[in-house]
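Student: Here it is, the structure in full.
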Amino acid sequence: MDWGTELWDQYDIIEKHTQSGLELVEKYVKFVKERTEIEQNYAKQLRNLSKKYNLKRIGKDEPECRLSSYQSFLEILNEMNDYAGQRELIAENMMMNICIDLTKYLQELKQERKMYLMEAKKAQQSLESTYKQLDSSKKRFEREWREAERAAQYAEKTDQDINATKADVEKAKQQAHMRAHVAEECKNDYAAQLQKYNKEQNQFYFNDMPLIFNKVQDLDERRVRKLAQGYILFSDTEKHVMPIIGKCLEGMTKAGTNVNERNDSMIVIEQNKSGFERPGDLEFEDYSQGINRASSDSSLGTPKGPLELLGKNRNKNFWLFSKKSKPTVTEDFTHLPPEQRRKRLQQKLEEICKELQKEVDQSEALGKMKDVYEKNPQMGDPASLASQISQTSQSIERLKGELNKYETWLAEAGGRGDTLRYKSHTFNNNGAHDILGPDGAHSDESTPDPSQAIYAEFDDDFEDEELTAPIGKCTAMYSFPGASEGTISMQEGEVLAVVEEDKGDGWTRVRRNNGDEGYIPTSYVTISIQQMKDI
């Protein structure tokens, strides 16, 4: 069943129905837009909430950072932030796949519907025009036929009139004949117009309008089908992100299960243990005997405790809940309790050692680069490195001084004497090679040839380590003599295996097929690292 057959006479109903259908699409698009706005506002509020309660604003040194409850709360905030991102993704996909797509499709439907209705109106206007012509010819035929009848009656009357002349009779007959002829022509024209109208009317009701109505029906069915797809996308858009949302919720659950209250208690103890002994009993001061009991030397085994640490305020009681003024922070951390002071000094020493090691590595790299420049002037000017070498050496000396200072303070605090050490090789301002002993002091050893010392550690690496698997290959763009110890020569176009990447000092460790290994300038080759290295 189709509209062209069943609704051939319901043009107004079809026009109203299709208009209502388009309005439904517009209403649905508006509904989805408001839903996306809700999702976007919800996501924005979630992000703001996460940002508001994010404890990252607290410094990393704060005690709370290590607590599992604190870490879990951060994980929940991060998961909620990711959850907000998925809500934003829902809004974005709904806007793109439903609102924008349906709006574009709606405009196409409106244009198509307008075209079909215009075709229907044109066909209607054409039929009405033909009907007007038919009606006009009919009226003319009616009018001319009446005139012909009156002319015939007048001719007959004149013919019977005895007073009428022969000329009058002849004239009346000619007039009647002419009127009859005109009436006959009007009759034929009316018949032709009637036949034309009936043909067009048949074409209009059985061909033109059914075809147009069927096209409008197809348009409306496509509209309904597209709208149904929009309804499905409304739910599918959220279904597609549900697995990720589920992972976010699982992450929040996991954050809760990761909380370890016992471990948090141990951390609180570790972070806040003062190292003080509990105060002992107060001594009885017998004023009746006039004995001065101010000194604690005659106490009956009273252990020293916080009272002895109060300085001039020895006669004041030690209260657990008394308000404590904020201590002045000192460089040697003497403002902290003994246990906490030792930990902070140890932490500071580790930081200085790491920074010192970084400066030592930088010094070694500059020394190697200077030696290469001296042997290969075309690669660079050795004098250009003087300021960097000098600055690095000054930094090393400064850090060594700080290291010794904090080691002394740590020893005073009763801490361990062993700390993280750095490599024993450094360079002086001239690029010469100094050797530091295990205690950080300069030894009397020296090397007459700086270039030999630069690559001495390279040979140690080759002697101590087993052959490592290559991580890639390189092709020489230029020849390199490899005259310095620890380096290896190569010819232009030679392919070598890469054993160790450039660590920032401008050198790459390579190996030949025969097992020979050494360092080459990184800028002399093109390197291709295997993907297996990243696995």
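Scheme for the structure tokens: letters A, B, ... for chains in order shown; per-chain residue numbers from 1; ligand numbers from 1 in order shown.
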At a cut-off of 10 Å, using only C-alpha atoms, what residues contact His177 (chain A)? Leave out same-chain residues fewer than 4 positions from it and give the result as a PyMOL selection string.

Tutor: chain A and resi 148+151-152+155+171-173+181-183

Student: Those residues you just picked out, can you put them in a file as a PDB file, in the first residue's frame with all heavy atoms?

Tutor:
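Contents of out.pdb, freshly written:
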```pdb
ATOM      1  N   ALA A 148     -27.483  31.713 -31.665  1.00  0.00           N
ATOM      2  CA  ALA A 148     -27.863  31.035 -32.916  1.00  0.00           C
ATOM      3  C   ALA A 148     -29.351  30.694 -32.908  1.00  0.00           C
ATOM      4  O   ALA A 148     -30.059  30.826 -33.928  1.00  0.00           O
ATOM      5  CB  ALA A 148     -27.005  29.775 -33.100  1.00  0.00           C
ATOM      6  N   ALA A 151     -31.262  33.834 -33.516  1.00  0.00           N
ATOM      7  CA  ALA A 151     -31.161  34.236 -34.939  1.00  0.00           C
ATOM      8  C   ALA A 151     -32.049  33.373 -35.826  1.00  0.00           C
ATOM      9  O   ALA A 151     -32.695  33.863 -36.774  1.00  0.00           O
ATOM     10  CB  ALA A 151     -29.688  34.150 -35.369  1.00  0.00           C
ATOM     11  N   ALA A 152     -32.128  32.068 -35.527  1.00  0.00           N
ATOM     12  CA  ALA A 152     -32.984  31.156 -36.317  1.00  0.00           C
ATOM     13  C   ALA A 152     -34.449  31.503 -36.119  1.00  0.00           C
ATOM     14  O   ALA A 152     -35.258  31.512 -37.084  1.00  0.00           O
ATOM     15  CB  ALA A 152     -32.699  29.714 -35.908  1.00  0.00           C
ATOM     16  N   ALA A 155     -35.184  34.645 -38.043  1.00  0.00           N
ATOM     17  CA  ALA A 155     -35.255  34.402 -39.495  1.00  0.00           C
ATOM     18  C   ALA A 155     -36.592  33.769 -39.876  1.00  0.00           C
ATOM     19  O   ALA A 155     -37.226  34.123 -40.880  1.00  0.00           O
ATOM     20  CB  ALA A 155     -34.090  33.527 -39.938  1.00  0.00           C
ATOM     21  N   LYS A 171     -31.528  38.397 -45.478  1.00  0.00           N
ATOM     22  CA  LYS A 171     -30.539  38.869 -44.489  1.00  0.00           C
ATOM     23  C   LYS A 171     -30.708  38.131 -43.179  1.00  0.00           C
ATOM     24  O   LYS A 171     -29.721  37.743 -42.530  1.00  0.00           O
ATOM     25  CB  LYS A 171     -30.708  40.371 -44.283  1.00  0.00           C
ATOM     26  CG  LYS A 171     -29.715  40.958 -43.315  1.00  0.00           C
ATOM     27  CD  LYS A 171     -29.930  42.458 -43.168  1.00  0.00           C
ATOM     28  CE  LYS A 171     -28.948  43.055 -42.166  1.00  0.00           C
ATOM     29  NZ  LYS A 171     -29.164  44.522 -41.993  1.00  0.00           N
ATOM     30  N   ALA A 172     -31.922  37.897 -42.721  1.00  0.00           N
ATOM     31  CA  ALA A 172     -32.179  37.199 -41.456  1.00  0.00           C
ATOM     32  C   ALA A 172     -31.719  35.753 -41.548  1.00  0.00           C
ATOM     33  O   ALA A 172     -31.145  35.200 -40.584  1.00  0.00           O
ATOM     34  CB  ALA A 172     -33.655  37.263 -41.105  1.00  0.00           C
ATOM     35  N   LYS A 173     -31.929  35.119 -42.727  1.00  0.00           N
ATOM     36  CA  LYS A 173     -31.483  33.731 -42.888  1.00  0.00           C
ATOM     37  C   LYS A 173     -29.948  33.641 -42.857  1.00  0.00           C
ATOM     38  O   LYS A 173     -29.374  32.716 -42.274  1.00  0.00           O
ATOM     39  CB  LYS A 173     -32.038  33.162 -44.190  1.00  0.00           C
ATOM     40  CG  LYS A 173     -33.536  32.870 -44.136  1.00  0.00           C
ATOM     41  CD  LYS A 173     -34.011  32.258 -45.446  1.00  0.00           C
ATOM     42  CE  LYS A 173     -35.499  31.921 -45.395  1.00  0.00           C
ATOM     43  NZ  LYS A 173     -35.982  31.314 -46.646  1.00  0.00           N
ATOM     44  N   HIS A 181     -23.199  28.627 -37.498  1.00  0.00           N
ATOM     45  CA  HIS A 181     -21.826  28.189 -37.797  1.00  0.00           C
ATOM     46  C   HIS A 181     -20.889  28.505 -36.628  1.00  0.00           C
ATOM     47  O   HIS A 181     -20.059  27.669 -36.226  1.00  0.00           O
ATOM     48  CB  HIS A 181     -21.348  28.882 -39.075  1.00  0.00           C
ATOM     49  CG  HIS A 181     -19.946  28.498 -39.465  1.00  0.00           C
ATOM     50  ND1 HIS A 181     -19.613  27.234 -39.931  1.00  0.00           N
ATOM     51  CD2 HIS A 181     -18.785  29.224 -39.426  1.00  0.00           C
ATOM     52  CE1 HIS A 181     -18.321  27.190 -40.167  1.00  0.00           C
ATOM     53  NE2 HIS A 181     -17.789  28.403 -39.881  1.00  0.00           N
ATOM     54  N   VAL A 182     -21.025  29.697 -36.085  1.00  0.00           N
ATOM     55  CA  VAL A 182     -20.182  30.084 -34.943  1.00  0.00           C
ATOM     56  C   VAL A 182     -20.472  29.192 -33.746  1.00  0.00           C
ATOM     57  O   VAL A 182     -19.566  28.763 -33.015  1.00  0.00           O
ATOM     58  CB  VAL A 182     -20.411  31.568 -34.590  1.00  0.00           C
ATOM     59  CG1 VAL A 182     -19.716  31.919 -33.282  1.00  0.00           C
ATOM     60  CG2 VAL A 182     -19.937  32.454 -35.705  1.00  0.00           C
ATOM     61  N   ALA A 183     -21.746  28.910 -33.525  1.00  0.00           N
ATOM     62  CA  ALA A 183     -22.110  28.038 -32.411  1.00  0.00           C
ATOM     63  C   ALA A 183     -21.535  26.647 -32.594  1.00  0.00           C
ATOM     64  O   ALA A 183     -21.093  26.000 -31.628  1.00  0.00           O
ATOM     65  CB  ALA A 183     -23.624  27.977 -32.290  1.00  0.00           C
TER      66      ALA A 183
END
```

Student: Each residue of region 79-151 of chain A lying at most 10 Å from region 216-233 of chain A should get a row with its shortest atom-to-atom pair and the distance in Å to one decimal, counting only C-alpha atoms; could you produce that, ordered by chain and increasing number, as JSON lines?

Tutor:
```
{"residue": "A:Asn93", "atom": "CA", "partner": "A:Leu233", "partner_atom": "CA", "distance": 9.3}
{"residue": "A:Met94", "atom": "CA", "partner": "A:Leu233", "partner_atom": "CA", "distance": 7.7}
{"residue": "A:Asn97", "atom": "CA", "partner": "A:Leu233", "partner_atom": "CA", "distance": 7.7}
{"residue": "A:Ile98", "atom": "CA", "partner": "A:Gly230", "partner_atom": "CA", "distance": 5.8}
{"residue": "A:Cys99", "atom": "CA", "partner": "A:Gly230", "partner_atom": "CA", "distance": 8.7}
{"residue": "A:Asp101", "atom": "CA", "partner": "A:Gly230", "partner_atom": "CA", "distance": 9.1}
{"residue": "A:Leu102", "atom": "CA", "partner": "A:Gly230", "partner_atom": "CA", "distance": 7.7}
{"residue": "A:Tyr105", "atom": "CA", "partner": "A:Lys226", "partner_atom": "CA", "distance": 8.5}
{"residue": "A:Leu106", "atom": "CA", "partner": "A:Arg223", "partner_atom": "CA", "distance": 8.1}
{"residue": "A:Leu109", "atom": "CA", "partner": "A:Leu219", "partner_atom": "CA", "distance": 7.1}
{"residue": "A:Lys110", "atom": "CA", "partner": "A:Leu219", "partner_atom": "CA", "distance": 9.7}
{"residue": "A:Glu112", "atom": "CA", "partner": "A:Leu219", "partner_atom": "CA", "distance": 7.9}
{"residue": "A:Arg113", "atom": "CA", "partner": "A:Val216", "partner_atom": "CA", "distance": 6.7}
{"residue": "A:Lys114", "atom": "CA", "partner": "A:Val216", "partner_atom": "CA", "distance": 9.9}
{"residue": "A:Met115", "atom": "CA", "partner": "A:Val216", "partner_atom": "CA", "distance": 9.9}
{"residue": "A:Tyr116", "atom": "CA", "partner": "A:Val216", "partner_atom": "CA", "distance": 6.9}
{"residue": "A:Leu117", "atom": "CA", "partner": "A:Val216", "partner_atom": "CA", "distance": 8.5}
```

Student: Please measure the separation of CA of Ile527 (chain A) and CA of Thr475 (chain A), giving the value in Å to one decimal.

Tutor: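 Pair CA of Ile527 (chain A) / CA of Thr475 (chain A) returns 6.7 Å.
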
Student: Which residues are near Ala365 (chain A)? Cut-off 9 Å, only C-alpha atoms, ignore same chain within fewer than 4 positions. Put them as number ranges by chain.

Tutor: A: 360-361, 369-370, 504-506

Student: Those residues with all heavy atoms, as a JSON list (two decimals), in the first residue's frame please?

Tutor:
```
[["chain", "number", "residue", "atom", "x", "y", "z"],
["A", 360, "VAL", "N", 79.80, 15.37, 37.73],
["A", 360, "VAL", "CA", 81.00, 14.59, 37.37],
["A", 360, "VAL", "C", 80.84, 14.00, 35.97],
["A", 360, "VAL", "O", 81.76, 14.02, 35.15],
["A", 360, "VAL", "CB", 81.23, 13.48, 38.42],
["A", 360, "VAL", "CG1", 82.29, 12.50, 37.93],
["A", 360, "VAL", "CG2", 81.67, 14.10, 39.74],
["A", 361, "ASP", "N", 79.66, 13.46, 35.68],
["A", 361, "ASP", "CA", 79.42, 12.92, 34.33],
["A", 361, "ASP", "C", 79.55, 14.01, 33.27],
["A", 361, "ASP", "O", 80.10, 13.78, 32.19],
["A", 361, "ASP", "CB", 78.02, 12.29, 34.27],
["A", 361, "ASP", "CG", 77.92, 11.05, 35.13],
["A", 361, "ASP", "OD1", 78.97, 10.48, 35.48],
["A", 361, "ASP", "OD2", 76.78, 10.66, 35.47],
["A", 369, "MET", "N", 85.11, 15.44, 24.96],
["A", 369, "MET", "CA", 84.86, 16.30, 23.80],
["A", 369, "MET", "C", 86.07, 17.19, 23.52],
["A", 369, "MET", "O", 86.45, 17.40, 22.37],
["A", 369, "MET", "CB", 83.61, 17.14, 24.06],
["A", 369, "MET", "CG", 83.09, 17.86, 22.84],
["A", 369, "MET", "SD", 81.55, 18.76, 23.18],
["A", 369, "MET", "CE", 80.50, 17.41, 23.69],
["A", 370, "LYS", "N", 86.69, 17.71, 24.58],
["A", 370, "LYS", "CA", 87.86, 18.57, 24.40],
["A", 370, "LYS", "C", 89.01, 17.79, 23.77],
["A", 370, "LYS", "O", 89.70, 18.28, 22.87],
["A", 370, "LYS", "CB", 88.29, 19.14, 25.75],
["A", 370, "LYS", "CG", 89.52, 20.05, 25.67],
["A", 370, "LYS", "CD", 89.89, 20.59, 27.03],
["A", 370, "LYS", "CE", 91.15, 21.47, 26.93],
["A", 370, "LYS", "NZ", 91.56, 21.99, 28.24],
["A", 504, "GLY", "N", 74.95, 11.17, 25.72],
["A", 504, "GLY", "CA", 75.01, 12.62, 25.85],
["A", 504, "GLY", "C", 76.40, 13.17, 25.74],
["A", 504, "GLY", "O", 76.59, 14.40, 25.74],
["A", 505, "ASP", "N", 77.41, 12.28, 25.63],
["A", 505, "ASP", "CA", 78.78, 12.77, 25.55],
["A", 505, "ASP", "C", 79.30, 12.81, 24.11],
["A", 505, "ASP", "O", 80.45, 13.15, 23.87],
["A", 505, "ASP", "CB", 79.71, 11.89, 26.39],
["A", 505, "ASP", "CG", 79.63, 10.41, 26.00],
["A", 505, "ASP", "OD1", 78.89, 10.10, 25.04],
["A", 505, "ASP", "OD2", 80.28, 9.58, 26.67],
["A", 506, "GLY", "N", 78.45, 12.46, 23.13],
["A", 506, "GLY", "CA", 78.86, 12.54, 21.73],
["A", 506, "GLY", "C", 79.53, 11.28, 21.21],
["A", 506, "GLY", "O", 80.04, 11.29, 20.09]]
```

Student: In Å to one decimal, how far is CA of Asn198 (chain A) from CA of Ser129 (chain A)?

Tutor: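 About the pair CA of Ser129 (chain A) and CA of Asn198 (chain A): they are 12.7 Å apart.
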
Student: Show which residues sit within 10 Å of Leu211 (chain A), as JSON, numbers by chain. Count only C-alpha atoms, and ignore same-chain residues fewer than 6 positions away.

Tutor: {"A": [2, 3, 4, 5, 8, 116, 120, 204, 205, 217]}

Student: Ranking A:Tyr406, A:Tyr373, A:Tyr42, A:Tyr11 by minimum distance to Glu350 (chain A) and counting only C-alpha atoms, which one comes first?

Tutor: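 Using only C-alpha atoms, Glu350 (chain A) sits closest to A:Tyr406.
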
Student: Could you tell me which of A:Val32, A:Val510, A:Leu127, A:Asn54 comes closest to Lys199 (chain A) if we count only C-alpha atoms?

Tutor: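 With only C-alpha atoms as the atom set, the closest residue is A:Leu127.
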
Student: At a cut-off of 9 Å, using only C-alpha atoms, what residues contact Pro338 (chain A)? Leave out same-chain residues fewer than 5 positions from it and give the result as a ChimeraX atom specification.

Tutor: /A:273-276,343,413-414

Student: How close does each residue of region 313-396 of chain A get to region 253-272 of chain A, giving the shortest atom pair and distance in Å to one decimal for every residue with an atom at most 12 Å away, counting only C-alpha atoms, sorted by chain and residue number, as a tab-separated table?

Tutor:
```
residue	atom	partner	partner_atom	distance
A:Leu336	CA	A:Asn272	CA	9.8
A:Pro337	CA	A:Asn272	CA	8.6
A:Pro338	CA	A:Asn272	CA	10.5
A:Glu339	CA	A:Asn272	CA	8.3
A:Gln340	CA	A:Gln271	CA	6.9
A:Arg341	CA	A:Gln271	CA	10.5
A:Arg342	CA	A:Gln271	CA	11.3
A:Lys343	CA	A:Gln271	CA	8.9
A:Arg344	CA	A:Gln271	CA	10.3
```

Student: Measure the distance from CA of Gln388 (chain A) to CA of Glu501 (chain A) in Å and round it to one decimal.

Tutor: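 Going from CA of Gln388 (chain A) over to CA of Glu501 (chain A) covers 23.6 Å.
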
Student: Give the answer as one residue: which of A:Met80, A:Ile396, A:Leu67, A:Leu74 has the shortest atom-to-atom distance to Asn48 (chain A), using only C-alpha atoms?

Tutor: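 Among the listed residues, the smallest separation from Asn48 (chain A) belongs to A:Met80.
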
Student: Could you write out, as a count of residues only, all the residues of region 209-303 of chain A that DSSP marks as helix (DSSP H, G or I)?

Tutor: 67
